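So the structure is just underneath, and the comments pick up after that.
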Amino acid sequence: MSDSSAKIIPFEIEGEEASSAFPFDMAEAVRMAEAILFASAEPVSEKALAARLPEGVDVRAVVLEVQRQYERRGVNLVRVADAWAFRTAGDLAFLMSRDAVQQKKLSRAALEVLAIIAYHQPVTRAEIEEIRGVETSKGTLDTLMETGWIRMRGRRRTPGRPVTYGTTDAFLDHFGLEEIRDLPGIDELKGAGLLSPRMPANFSIPQPPADPDVLTDDEDPLDDLDLEDLGLLTPRAVDD
Amino acid sequence: MSDSSAKIIPFEIEGEEASSAFPFDMAEAVRMAEAILFASAEPVSEKALAARLPEGVDVRAVVLEVQRQYERRGVNLVRVADAWAFRTAGDLAFLMSRDAVQQKKLSRAALEVLAIIAYHQPVTRAEIEEIRGVETSKGTLDTLMETGWIRMRGRRRTPGRPVTYGTTDAFLDHFGLEEIRDLPGIDELKGAGLLSPRMPANFSIPQPPADPDVLTDDEDPLDDLDLEDLGLLTPRAVDD
Amino acid sequence: MATTPAKNAVPMERLWSENEESRGVSEPSLVVDVDGFEGPLDLLLALARTQKVDLSRISVLALVEQYIAFIEQARRMRLELAADYLVMAAWLAYLKSKLLIPKLPGDQGESGEEMAAVLQFRLKRLEAMRDAAARLVNRNRLGRDVFARGMPETVIVEKHNEYTATLYDLLTAYAAQRQRQAVSTVQIAKRGVWSLKQAREVLTRLVGDVQDWTALDHFLIRWMTTPEQRVTAIASSFAASLEMVREGLLEVRQDSAFAPIYMRGRQTETRRNREPADE
């Protein structure tokens, strides 16, 4: 680390005077080797390099030159068995490990539920199940809550007072929508080839509300008691 | 965020003494940026870079310095919208073609629609059809969306609120464009009025006159202002 | 076919030209093949190119005549033409009349020249988009001419959320699932006929429950939702029951012609000899 205060050695190829050290095609061969090594999905053997570089090039010399040029840069050329590959400089490895969170793809079921919540909001769990025709596992809703894209917005004024779900601003943000009404309608889904042009006449897609933050007439706001019930206020032992 | 970077970048403290003419962390920041950009196959946004480089570093300056150093090498640093990525140099395409994965070829119709979306965005499906003079088959937009090159951007604030289409950053990345304004010939097309949904008032294709060099009665000679308007004289900074 | 791709300035990617070749205008005989064209405007553009001049210098009148001749020949050959082509032909015939008859003073509406200019604008704009598409696909493209790092070393997380999905994923999932539901609902609503397979499934499920002789109708009443399905349900289950008798799963009995048909599950060995089933 103390040594790293030394300035980066500029690539030699840049300097006019430096390029005179090698014949032109050596410099060009270095460029080629660099590109091949960079793009390859696995370490490249000298034999494989030789097959792609112009004939008569001293492959070993080219590789060693690439290695020398990258010696003190942020990436180095390293030898892996009898092949060569670029790797992050050892002292910068901390840059790579930092919050290397694996991005997860949403499952098909989660996408379906998310889309139904987006289009049909405010919507209860039972309504989601009615639309999908299958039961929605608790895990799916939990996952969606975890994304921050959906929220509990209130309770329906019907027996059982089921919780209603809706989308959040983070949802709009992630999917690049200005407002929830920008979700394409039935004609656009047909036009884009996502929906069959021959849907039954009674098939419809709801138009999401202009302002999704406003509760509808048949919704009550969630109150503290509800939040407690839902385990949002006081952490309770939940078996899951 | 400020405290987390403090514990990860230990050498910032000693930076004060180490810096001479060139601040110590600038040279080191170049190495770090190089490592981060090299490690990723996808373009890395300046925001993401900023989160990983020592605090107070001028990210844009660092990136431009990396770009300069790689200008003539076998890999170059290219800009894609507000992100940066290393890519093999374009003039080495002949060398790299053997790595090419066979890509699904788009139909002529799909390519045409892609070009129309790219040059006319934001554009509605009806406008695409007006330009092509034919209905867009159901699968075409779907196929294009599957490539990840186009997206639904929003809705036109007109009756019926039709969905508008535009291109994505993946489109820019794939076709090696820094931004939409870099589309080949876009200034000329705009200047010639060919990117208008309707025929511009000043657009007229004269019937071939007897002597094409002689101005007709309803023509004035072009002056500098016109040429500028047509994008023929000086490219002006125009935000479209 | 003789369409020369007119845009020689731009090297064409293969797929582009191969489509071009299969399209059908040749001069002067005008061999008709509408299939190769993407609509009337595309056909007009191809015809315009046969004039071998810049689009701004074509004779619109000649183009109109070419198009109309093309359409008329197609009709003589009884080719099915999409309505679009005929609408365009009608519009062009109108344009032709406008061009030939000088505009009268006080005449409302667009002049022939204005209409011709609009047509030329549209052709030019379409051609411009074609050229643009060709230039686009022939750029250095990622994964074909230029390459990304082959061995990426890390995942750079740009956003804070762990989950990722695109709007396209979302819409695809939604449309597919709504469609699936809608279609299955429709099938149930519209089902007018019991298939043999369905009837057999019903019977197989019921056979276990039935120890005593029961009228066939009795089984079915429980399954029928509408009177319209009665006939088909009875026919299919009867056929299915005969099949099951042959396989030894079921016994059936009918006391006289048109009398109710009784059936029961195949009895165990001990009870079997008591009442042999009628054939």
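A note on labels: chains of the structure tokens are A, B, ... as shown, every chain counts residues from 1, and ligands are counted from 1 in their shown order.
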Practice item. Go through region 117-237 of chain A and collect every residue that DSSP, computed from the backbone, puts in helix (DSSP H, G or I); the answer should be as a ChimeraX atom specification. Key: /A:117-120,125-132,138-147,169-174,180-182,186-191,224-229
Practice item. Pick out the chain C residues within 6 Å of chain B. Count only C-alpha atoms. Give them as a list in words. Key: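 Result: Gly39, Leu41, Ser56, Arg57, Ala117, Arg125, Ala133, Arg141, Leu142, Gly143, Arg144, Asp145, Val146, Phe147, Ala148, Arg149, Pro152, Glu153 and Glu158 of chain C.
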Practice item. Report the residues of region 25-229 of chain A whose backbone DSSP state falls under strand (DSSP E or B), written as a PyMOL selection string. Key: chain A and resi 44-45+75-80+83-88+104-105+123-124+150-156+163-167+219-221
Could you list, as a CSV table (one decimal) with all heavy atoms, in the first residue's frame, the residues of chain B having an atom within 6 Å of chain A when counting only C-alpha atoms?
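And here's part15.csv as it stands now:
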```csv
chain,number,residue,atom,x,y,z
B,31,ARG,N,-6.7,4.3,-11.1
B,31,ARG,CA,-6.5,2.8,-10.9
B,31,ARG,C,-7.8,2.1,-10.5
B,31,ARG,O,-8.2,1.1,-11.0
B,31,ARG,CB,-5.4,2.5,-9.9
B,31,ARG,CG,-4.0,2.6,-10.4
B,31,ARG,CD,-3.1,2.1,-9.3
B,31,ARG,NE,-2.9,0.6,-9.4
B,31,ARG,CZ,-3.0,-0.2,-8.4
B,31,ARG,NH1,-3.2,0.2,-7.2
B,31,ARG,NH2,-2.8,-1.5,-8.5
B,32,MET,N,-8.4,2.7,-9.5
B,32,MET,CA,-9.6,2.1,-8.9
B,32,MET,C,-10.8,2.1,-10.0
B,32,MET,O,-11.4,1.1,-10.1
B,32,MET,CB,-10.1,2.9,-7.7
B,32,MET,CG,-9.1,2.7,-6.5
B,32,MET,SD,-9.4,3.9,-5.2
B,32,MET,CE,-10.7,3.1,-4.4
B,34,GLU,N,-10.5,2.2,-13.1
B,34,GLU,CA,-10.1,1.2,-14.1
B,34,GLU,C,-10.4,-0.2,-13.7
B,34,GLU,O,-11.0,-1.0,-14.4
B,34,GLU,CB,-8.5,1.3,-14.3
B,34,GLU,CG,-7.9,0.6,-15.4
B,34,GLU,CD,-6.4,0.9,-15.4
B,34,GLU,OE1,-5.8,0.9,-14.3
B,34,GLU,OE2,-5.8,1.0,-16.4
B,35,ALA,N,-10.1,-0.5,-12.4
B,35,ALA,CA,-10.4,-1.9,-11.9
B,35,ALA,C,-11.9,-2.1,-11.9
B,35,ALA,O,-12.4,-3.2,-12.4
B,35,ALA,CB,-9.9,-2.0,-10.5
B,73,ARG,N,-5.7,2.0,-27.3
B,73,ARG,CA,-5.4,0.6,-26.9
B,73,ARG,C,-6.4,-0.4,-27.6
B,73,ARG,O,-7.3,0.0,-28.3
B,73,ARG,CB,-5.4,0.5,-25.4
B,73,ARG,CG,-4.4,1.4,-24.8
B,73,ARG,CD,-4.0,0.9,-23.4
B,73,ARG,NE,-3.3,-0.3,-23.4
B,73,ARG,CZ,-2.0,-0.5,-23.5
B,73,ARG,NH1,-1.2,0.6,-23.6
B,73,ARG,NH2,-1.4,-1.7,-23.6
B,74,GLY,N,-6.2,-1.6,-27.3
B,74,GLY,CA,-7.1,-2.7,-27.8
B,74,GLY,C,-8.5,-2.7,-27.2
B,74,GLY,O,-9.4,-3.3,-27.8
B,75,VAL,N,-8.6,-2.1,-26.0
B,75,VAL,CA,-9.9,-1.9,-25.4
B,75,VAL,C,-10.1,-0.4,-25.2
B,75,VAL,O,-9.1,0.3,-24.8
B,75,VAL,CB,-10.1,-2.7,-24.1
B,75,VAL,CG1,-10.2,-4.2,-24.4
B,75,VAL,CG2,-9.0,-2.4,-23.1
B,88,THR,N,-14.0,-3.8,-26.6
B,88,THR,CA,-12.9,-3.9,-27.5
B,88,THR,C,-12.9,-2.9,-28.6
B,88,THR,O,-14.0,-2.4,-29.0
B,88,THR,CB,-12.9,-5.4,-28.2
B,88,THR,OG1,-14.1,-5.5,-28.9
B,88,THR,CG2,-12.7,-6.4,-27.1
B,138,LYS,N,-48.5,-8.1,-34.9
B,138,LYS,CA,-48.6,-8.2,-33.4
B,138,LYS,C,-47.2,-8.6,-32.8
B,138,LYS,O,-46.9,-8.1,-31.8
B,138,LYS,CB,-49.6,-9.2,-33.0
B,138,LYS,CG,-51.0,-9.0,-33.6
B,138,LYS,CD,-51.6,-7.7,-33.0
B,138,LYS,CE,-52.9,-7.4,-33.7
B,138,LYS,NZ,-53.4,-6.1,-33.4
B,139,GLY,N,-46.6,-9.5,-33.5
B,139,GLY,CA,-45.3,-10.0,-32.9
B,139,GLY,C,-44.1,-9.0,-33.0
B,139,GLY,O,-43.2,-9.2,-32.2
B,141,LEU,N,-43.5,-5.7,-32.3
B,141,LEU,CA,-43.1,-4.9,-31.1
B,141,LEU,C,-42.7,-5.9,-30.0
B,141,LEU,O,-41.8,-5.5,-29.3
B,141,LEU,CB,-44.3,-4.1,-30.7
B,141,LEU,CG,-44.5,-2.8,-31.5
B,141,LEU,CD1,-45.8,-2.1,-31.2
B,141,LEU,CD2,-43.3,-1.8,-31.3
B,142,ASP,N,-43.4,-7.0,-29.9
B,142,ASP,CA,-43.1,-7.9,-28.8
B,142,ASP,C,-41.6,-8.4,-29.0
B,142,ASP,O,-40.8,-8.5,-28.1
B,142,ASP,CB,-44.1,-9.1,-28.9
B,142,ASP,CG,-43.9,-10.0,-27.7
B,142,ASP,OD1,-43.5,-9.6,-26.6
B,142,ASP,OD2,-44.2,-11.2,-27.9
B,154,GLY,N,-44.1,5.9,-21.9
B,154,GLY,CA,-45.1,6.7,-21.2
B,154,GLY,C,-46.3,6.7,-22.0
B,154,GLY,O,-46.5,5.9,-22.9
B,155,ARG,N,-47.1,7.7,-21.8
B,155,ARG,CA,-48.3,7.9,-22.6
B,155,ARG,C,-48.4,9.3,-23.1
B,155,ARG,O,-48.1,10.3,-22.4
B,155,ARG,CB,-49.6,7.6,-21.8
B,155,ARG,CG,-49.6,6.2,-21.3
B,155,ARG,CD,-50.9,5.9,-20.8
B,155,ARG,NE,-51.4,4.5,-21.2
B,155,ARG,CZ,-52.6,4.1,-21.1
B,155,ARG,NH1,-53.5,4.8,-20.5
B,155,ARG,NH2,-52.9,2.9,-21.6
```
Review point. Near Glu243 (chain C), counting only C-alpha atoms, which residues have an atom at most 12 Å away, once you skip same-chain residues fewer than 3 positions from it, shown as a VMD selection string?
Key: chain C and resid 196 to 197 199 to 200 203 to 204 236 to 240 246 to 252
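For the atom pair formed by CA of Pro40 (chain C) and CA of Gln121 (chain B), the distance is 24.1 Å, given to one decimal.
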Revision key, fill the gap. In Å and to one decimal, CA of Val163 (chain B) is distant from CA of Val123 (chain B) by 8.2 Å
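The interatomic distance for the pair CA of Arg125 (chain A) and CA of Thr158 (chain A) works out to 13.3 Å.
For the set C:Met77, C:Leu104, C:Leu136, C:Ala182, the residue with the smallest atom-to-atom gap to Ala201 (chain A) is C:Ala182, counting only C-alpha atoms.
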Review point. Within 12 Å of Val87 (chain C), counting only C-alpha atoms, which residues qualify if same-chain residues fewer than 2 places away don't, as a PyMOL selection string?
Key: (chain B and resi 133-134) or (chain C and resi 39-41+67-68+71+81-85+89-94)
